[in-house]
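Asker: Input structure.csv, format and content: CSV, C-alpha atoms.
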```csv
chain,number,residue,atom,x,y,z
A,18,MET,CA,150.8,150.1,59.4
A,19,LYS,CA,153.7,148.3,61.1
A,20,ARG,CA,153.1,146.4,64.4
A,21,THR,CA,155.1,147.2,67.5
A,22,ARG,CA,157.1,144.6,69.3
A,23,GLN,CA,154.4,144.4,72.0
A,24,GLU,CA,151.7,143.8,69.5
A,25,ASN,CA,153.8,141.0,67.8
A,26,ARG,CA,154.5,139.4,71.1
A,27,LYS,CA,150.8,139.5,72.0
A,28,ARG,CA,149.8,137.9,68.7
A,29,ILE,CA,152.4,135.1,69.2
A,30,HIS,CA,151.1,134.6,72.8
A,31,LEU,CA,147.5,134.3,71.6
A,32,ARG,CA,148.7,131.7,69.0
A,33,ILE,CA,150.5,129.7,71.8
A,34,ARG,CA,147.5,130.0,74.1
A,35,LYS,CA,145.2,128.4,71.5
A,36,LYS,CA,147.2,125.2,72.0
A,37,ILE,CA,148.2,125.4,75.7
A,38,SER,CA,145.8,125.3,78.6
A,39,GLY,CA,146.3,124.6,82.3
A,40,THR,CA,144.3,122.0,84.1
A,41,PRO,CA,144.1,121.1,87.8
A,42,GLN,CA,146.3,118.1,87.2
A,43,ARG,CA,148.8,120.0,84.9
A,44,PRO,CA,148.6,123.8,85.4
A,45,ARG,CA,150.2,126.3,83.2
A,46,LEU,CA,153.5,128.0,84.1
A,47,SER,CA,153.2,131.5,82.6
A,48,VAL,CA,156.1,133.9,82.2
A,49,TYR,CA,156.1,137.7,81.9
A,50,ARG,CA,159.4,139.5,81.3
A,51,SER,CA,159.8,143.3,81.8
A,52,ASN,CA,162.9,145.3,81.3
A,53,LYS,CA,163.9,145.1,84.9
A,54,ASP,CA,162.1,142.0,86.4
A,55,ILE,CA,160.7,138.6,85.5
A,56,TYR,CA,157.4,137.2,86.8
A,57,CYS,CA,155.9,133.8,86.6
A,58,GLN,CA,152.6,132.2,87.7
A,59,ILE,CA,151.2,128.8,87.9
A,60,ILE,CA,147.6,129.0,86.7
A,61,ASP,CA,144.6,126.6,86.6
A,62,ASP,CA,142.8,127.9,83.5
A,63,LEU,CA,139.7,125.8,84.1
A,64,ARG,CA,138.9,127.7,87.3
A,65,GLY,CA,140.8,130.9,86.3
A,66,HIS,CA,142.9,130.9,89.5
A,67,THR,CA,146.5,131.6,90.1
A,68,LEU,CA,147.9,128.8,92.3
A,69,VAL,CA,151.4,130.0,92.8
A,70,ALA,CA,153.3,133.2,91.8
A,71,ALA,CA,156.9,134.3,92.0
A,72,SER,CA,159.0,137.3,90.8
A,73,SER,CA,162.5,138.6,90.8
A,74,ARG,CA,161.2,141.4,93.2
A,75,GLU,CA,161.0,138.8,95.9
A,76,LEU,CA,164.7,138.1,95.7
A,77,ASN,CA,167.2,139.9,97.9
A,78,ASN,CA,170.2,139.4,95.6
A,79,ALA,CA,170.6,142.9,94.1
A,80,LYS,CA,174.1,142.2,92.6
A,81,ALA,CA,173.0,139.3,90.4
A,82,THR,CA,172.4,139.7,86.6
A,83,LYS,CA,168.9,139.5,85.2
A,84,THR,CA,169.6,136.0,83.9
A,85,GLU,CA,170.8,134.8,87.2
A,86,LYS,CA,167.7,136.3,88.9
A,87,ALA,CA,165.5,134.5,86.4
A,88,HIS,CA,167.2,131.2,87.3
A,89,GLN,CA,166.6,131.9,91.0
A,90,VAL,CA,162.9,132.8,90.3
A,91,GLY,CA,162.6,129.4,88.5
A,92,LYS,CA,163.9,127.6,91.6
A,93,LEU,CA,161.6,129.7,93.8
A,94,ILE,CA,158.5,128.9,91.8
A,95,ALA,CA,159.4,125.2,91.8
A,96,GLU,CA,159.8,125.3,95.6
A,97,LYS,CA,156.4,127.1,96.1
A,98,ALA,CA,154.7,124.6,93.7
A,99,LYS,CA,156.1,121.6,95.5
A,100,SER,CA,154.7,123.0,98.8
A,101,GLN,CA,151.2,123.2,97.0
A,102,GLY,CA,151.6,119.6,95.7
A,103,ILE,CA,152.2,120.6,92.0
A,104,GLU,CA,154.8,118.5,90.2
A,105,THR,CA,154.0,118.8,86.5
A,106,VAL,CA,153.2,121.9,84.5
A,107,VAL,CA,152.8,123.1,81.0
A,108,PHE,CA,155.3,125.8,80.1
A,109,ASP,CA,153.9,129.0,78.5
A,110,ARG,CA,156.8,131.2,77.3
A,111,GLY,CA,154.4,134.2,76.9
A,112,GLY,CA,155.3,135.0,73.3
A,113,TYR,CA,158.9,135.4,74.2
A,114,LEU,CA,161.7,133.4,72.5
A,115,TYR,CA,162.9,130.4,74.5
A,116,HIS,CA,166.3,132.1,75.1
A,117,GLY,CA,168.1,134.1,77.7
A,118,ARG,CA,166.0,134.9,80.8
A,119,VAL,CA,163.0,132.8,79.8
A,120,LYS,CA,165.3,129.8,79.2
A,121,ALA,CA,167.1,130.5,82.5
A,122,LEU,CA,163.7,130.5,84.4
A,123,ALA,CA,162.7,127.2,82.8
A,124,GLU,CA,166.0,125.6,83.7
A,125,GLY,CA,165.8,126.8,87.2
A,126,ALA,CA,162.2,125.4,87.6
A,127,ARG,CA,163.4,122.1,86.2
A,128,GLU,CA,166.3,122.1,88.7
A,129,GLY,CA,163.8,122.8,91.5
A,130,GLY,CA,161.9,119.7,90.6
A,131,LEU,CA,159.1,120.8,88.2
A,132,ILE,CA,158.4,118.5,85.3
A,133,PHE,CA,157.5,119.9,81.8
```
Show the structure stored in the file as structure tokens.

Answerer:
Amino acid sequence: MKRTRQENRKRIHLRIRKKISGTPQRPRLSVYRSNKDIYCQIIDDLRGHTLVAASSRELNNAKATKTEKAHQVGKLIAEKAKSQGIETVVFDRGGYLYHGRVKALAEGAREGGLIF
């Protein structure tokens, strides 16, 4: 039986997660992309805690495209991470291709000062 897109993405994400893990010194920046919004979290996997989170729902810019919003979310998560003392992270693309909104979020986070 053929797998759905969600099942394929989940399998790819599990394969990525075997190799990537967040530590207190270098937590994981996880990305989730829905049809309307984009969400990201900085996670310490050893303790199982979300340290910082941001999403496009927090933004007030309703006229921006989804890619522009993703870029702004990247800057927002970097700003929040800096206030928590987090400078370096491991990027977890969540099984999505590094393209479009995911790439825009990563570039925004880099512009905001996160290192990965």

Asker: Could you please determine the separation between atom CA of A:Tyr49 and atom CA of A:Ile103 in Å, to one decimal place?

Answerer: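 Interatomic distance, atom CA of A:Tyr49 to atom CA of A:Ile103: 20.2 Å.
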
Asker: Neighbouring residues of A:Val107 were defined as those with any atom within 8 Å, considering all atoms listed in the file; residues of the same chain fewer than 4 positions away were excluded. Please report them as a PyMOL selection string.

Answerer: chain A and resi 37-39+43-46+133

Asker: Counting all atoms listed in the file, which of A:Arg74, A:Arg34, A:Lys92, A:Arg28 gets nearest to A:Leu122?

Answerer: A:Lys92

Asker: Quick one: everything within 6 Å of stretch 95-99 of chain A, counting all atoms listed in the file, minus sequence neighbours fewer than 4 positions away in the same chain. Send it as a PyMOL selection string.

Answerer: chain A and resi 103+126+129+131

Asker: Pick out the closest residue to A:Glu124 from this set: A:Arg110, A:His88, A:Lys53, A:Arg22. Count all atoms listed in the file.

Answerer: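 So, comparing all the options, the nearest one is A:His88.
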
Asker: Taking only C-alpha atoms into account, which of A:Thr84, A:Val90, A:Leu31, A:Leu76 comes nearest A:Gln58?

Answerer: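 Distance minimum relative to A:Gln58 lands on A:Val90.
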
Asker: Can you measure atom CA of A:Ala87 to atom CA of A:Ile33 for me? One decimal in Å is fine.

Answerer: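 For atom CA of A:Ala87 relative to atom CA of A:Ile33, the distance reads 21.5 Å.
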
Asker: So that I can see what lies close to A:Ile132, please list as a ChimeraX atom specification the residues with an atom at most 9 Å from it, counting all atoms listed in the file and leaving out residues fewer than 2 positions away in the same chain.

Answerer: /A:104-107,126-127,130

Asker: List the spatial neighbours of A:Arg32 as a ChimeraX atom specification - criterion: any atom at most 12 Å away, only C-alpha atoms, same-chain residues fewer than 6 positions off excluded.

Answerer: /A:25-26,38,109-112

Asker: Point out the residue among A:Met18, A:Cys57, A:Ile29, A:Val119 with the least atom-to-atom distance to A:Ala71, counting only C-alpha atoms.

Answerer: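 For A:Ala71, the nearest of the given residues is A:Cys57.
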
Asker: At a cut-off of 12 Å around the point (142.8, 129.9, 88.8) (file coordinates), what residues fall inside when counting all atoms listed in the file? I'd like the answer as a list in words.

Answerer: Ser38, Gly39, Thr40, Pro41, Pro44, Arg45, Leu46, Gln58, Ile59, Ile60, Asp61, Asp62, Leu63, Arg64, Gly65, His66, Thr67, Leu68, Val69 and Ala70 of chain A

Asker: Expressed in Å to a single decimal, how great is the separation between atom CA of A:Lys83 and atom CA of A:Arg118?

Answerer: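 Distance between the two atoms: 7.0 Å.
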
Asker: Which residue is closest to A:Glu85? Choose from A:Phe108, A:Val48, A:Ile55, A:Gln42 and count only C-alpha atoms.

Answerer: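 For A:Glu85, the nearest of the candidates is A:Ile55.
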
Asker: Where atoms are absent from stretch 66-89 of chain A, fill them in so it carries N, CA and C atoms, then output it as a PDB file, keeping the file's coordinate frame.

Answerer:
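To be explicit, this is the file written out as rebuild02.pdb:
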```
ATOM      1  N   HIS A  66     142.218 130.494  88.259  1.00  0.00           N
ATOM      2  CA  HIS A  66     142.900 130.900  89.500  1.00  0.00           C
ATOM      3  C   HIS A  66     144.406 130.759  89.350  1.00  0.00           C
ATOM      4  N   THR A  67     145.104 131.711  89.959  1.00  0.00           N
ATOM      5  CA  THR A  67     146.500 131.600  90.100  1.00  0.00           C
ATOM      6  C   THR A  67     146.846 130.802  91.333  1.00  0.00           C
ATOM      7  N   LEU A  68     147.545 129.693  91.155  1.00  0.00           N
ATOM      8  CA  LEU A  68     147.900 128.800  92.300  1.00  0.00           C
ATOM      9  C   LEU A  68     149.103 129.258  93.015  1.00  0.00           C
ATOM     10  N   VAL A  69     150.133 129.633  92.266  1.00  0.00           N
ATOM     11  CA  VAL A  69     151.400 130.000  92.800  1.00  0.00           C
ATOM     12  C   VAL A  69     151.993 131.149  91.960  1.00  0.00           C
ATOM     13  N   ALA A  70     152.676 132.103  92.579  1.00  0.00           N
ATOM     14  CA  ALA A  70     153.300 133.200  91.800  1.00  0.00           C
ATOM     15  C   ALA A  70     154.688 133.473  92.425  1.00  0.00           C
ATOM     16  N   ALA A  71     155.613 133.936  91.587  1.00  0.00           N
ATOM     17  CA  ALA A  71     156.900 134.300  92.000  1.00  0.00           C
ATOM     18  C   ALA A  71     157.479 135.410  91.100  1.00  0.00           C
ATOM     19  N   SER A  72     158.348 136.241  91.610  1.00  0.00           N
ATOM     20  CA  SER A  72     159.000 137.300  90.800  1.00  0.00           C
ATOM     21  C   SER A  72     160.360 137.575  91.274  1.00  0.00           C
ATOM     22  N   SER A  73     161.115 138.270  90.442  1.00  0.00           N
ATOM     23  CA  SER A  73     162.500 138.600  90.800  1.00  0.00           C
ATOM     24  C   SER A  73     162.450 139.744  91.883  1.00  0.00           C
ATOM     25  N   ARG A  74     161.315 140.378  92.112  1.00  0.00           N
ATOM     26  CA  ARG A  74     161.200 141.400  93.200  1.00  0.00           C
ATOM     27  C   ARG A  74     161.256 140.775  94.554  1.00  0.00           C
ATOM     28  N   GLU A  75     160.945 139.473  94.645  1.00  0.00           N
ATOM     29  CA  GLU A  75     161.000 138.800  95.900  1.00  0.00           C
ATOM     30  C   GLU A  75     162.405 138.429  96.361  1.00  0.00           C
ATOM     31  N   LEU A  76     163.323 138.470  95.421  1.00  0.00           N
ATOM     32  CA  LEU A  76     164.700 138.100  95.700  1.00  0.00           C
ATOM     33  C   LEU A  76     165.448 139.218  96.410  1.00  0.00           C
ATOM     34  N   ASN A  77     166.420 138.867  97.230  1.00  0.00           N
ATOM     35  CA  ASN A  77     167.200 139.900  97.900  1.00  0.00           C
ATOM     36  C   ASN A  77     168.569 140.104  97.269  1.00  0.00           C
ATOM     37  N   ASN A  78     168.861 139.344  96.210  1.00  0.00           N
ATOM     38  CA  ASN A  78     170.200 139.400  95.600  1.00  0.00           C
ATOM     39  C   ASN A  78     170.202 140.522  94.537  1.00  0.00           C
ATOM     40  N   ALA A  79     170.594 141.721  94.956  1.00  0.00           N
ATOM     41  CA  ALA A  79     170.600 142.900  94.100  1.00  0.00           C
ATOM     42  C   ALA A  79     171.793 142.879  93.110  1.00  0.00           C
ATOM     43  N   LYS A  80     172.850 142.148  93.438  1.00  0.00           N
ATOM     44  CA  LYS A  80     174.100 142.200  92.600  1.00  0.00           C
ATOM     45  C   LYS A  80     174.006 141.202  91.438  1.00  0.00           C
ATOM     46  N   ALA A  81     173.035 140.296  91.413  1.00  0.00           N
ATOM     47  CA  ALA A  81     173.000 139.300  90.400  1.00  0.00           C
ATOM     48  C   ALA A  81     172.514 139.903  89.034  1.00  0.00           C
ATOM     49  N   THR A  82     172.912 139.278  87.938  1.00  0.00           N
ATOM     50  CA  THR A  82     172.400 139.700  86.600  1.00  0.00           C
ATOM     51  C   THR A  82     170.983 139.304  86.462  1.00  0.00           C
ATOM     52  N   LYS A  83     170.345 139.843  85.431  1.00  0.00           N
ATOM     53  CA  LYS A  83     168.900 139.500  85.200  1.00  0.00           C
ATOM     54  C   LYS A  83     168.744 138.046  84.886  1.00  0.00           C
ATOM     55  N   THR A  84     169.678 137.444  84.177  1.00  0.00           N
ATOM     56  CA  THR A  84     169.600 136.000  83.900  1.00  0.00           C
ATOM     57  C   THR A  84     169.738 135.172  85.104  1.00  0.00           C
ATOM     58  N   GLU A  85     170.659 135.545  85.973  1.00  0.00           N
ATOM     59  CA  GLU A  85     170.800 134.800  87.200  1.00  0.00           C
ATOM     60  C   GLU A  85     169.581 134.935  88.108  1.00  0.00           C
ATOM     61  N   LYS A  86     168.977 136.126  88.133  1.00  0.00           N
ATOM     62  CA  LYS A  86     167.700 136.300  88.900  1.00  0.00           C
ATOM     63  C   LYS A  86     166.622 135.450  88.327  1.00  0.00           C
ATOM     64  N   ALA A  87     166.541 135.352  87.002  1.00  0.00           N
ATOM     65  CA  ALA A  87     165.500 134.500  86.400  1.00  0.00           C
ATOM     66  C   ALA A  87     165.684 133.071  86.784  1.00  0.00           C
ATOM     67  N   HIS A  88     166.923 132.607  86.842  1.00  0.00           N
ATOM     68  CA  HIS A  88     167.200 131.200  87.300  1.00  0.00           C
ATOM     69  C   HIS A  88     166.744 131.011  88.703  1.00  0.00           C
ATOM     70  N   GLN A  89     167.006 131.986  89.554  1.00  0.00           N
ATOM     71  CA  GLN A  89     166.600 131.900  91.000  1.00  0.00           C
ATOM     72  C   GLN A  89     165.073 131.925  91.090  1.00  0.00           C
TER      73      GLN A  89
END
```
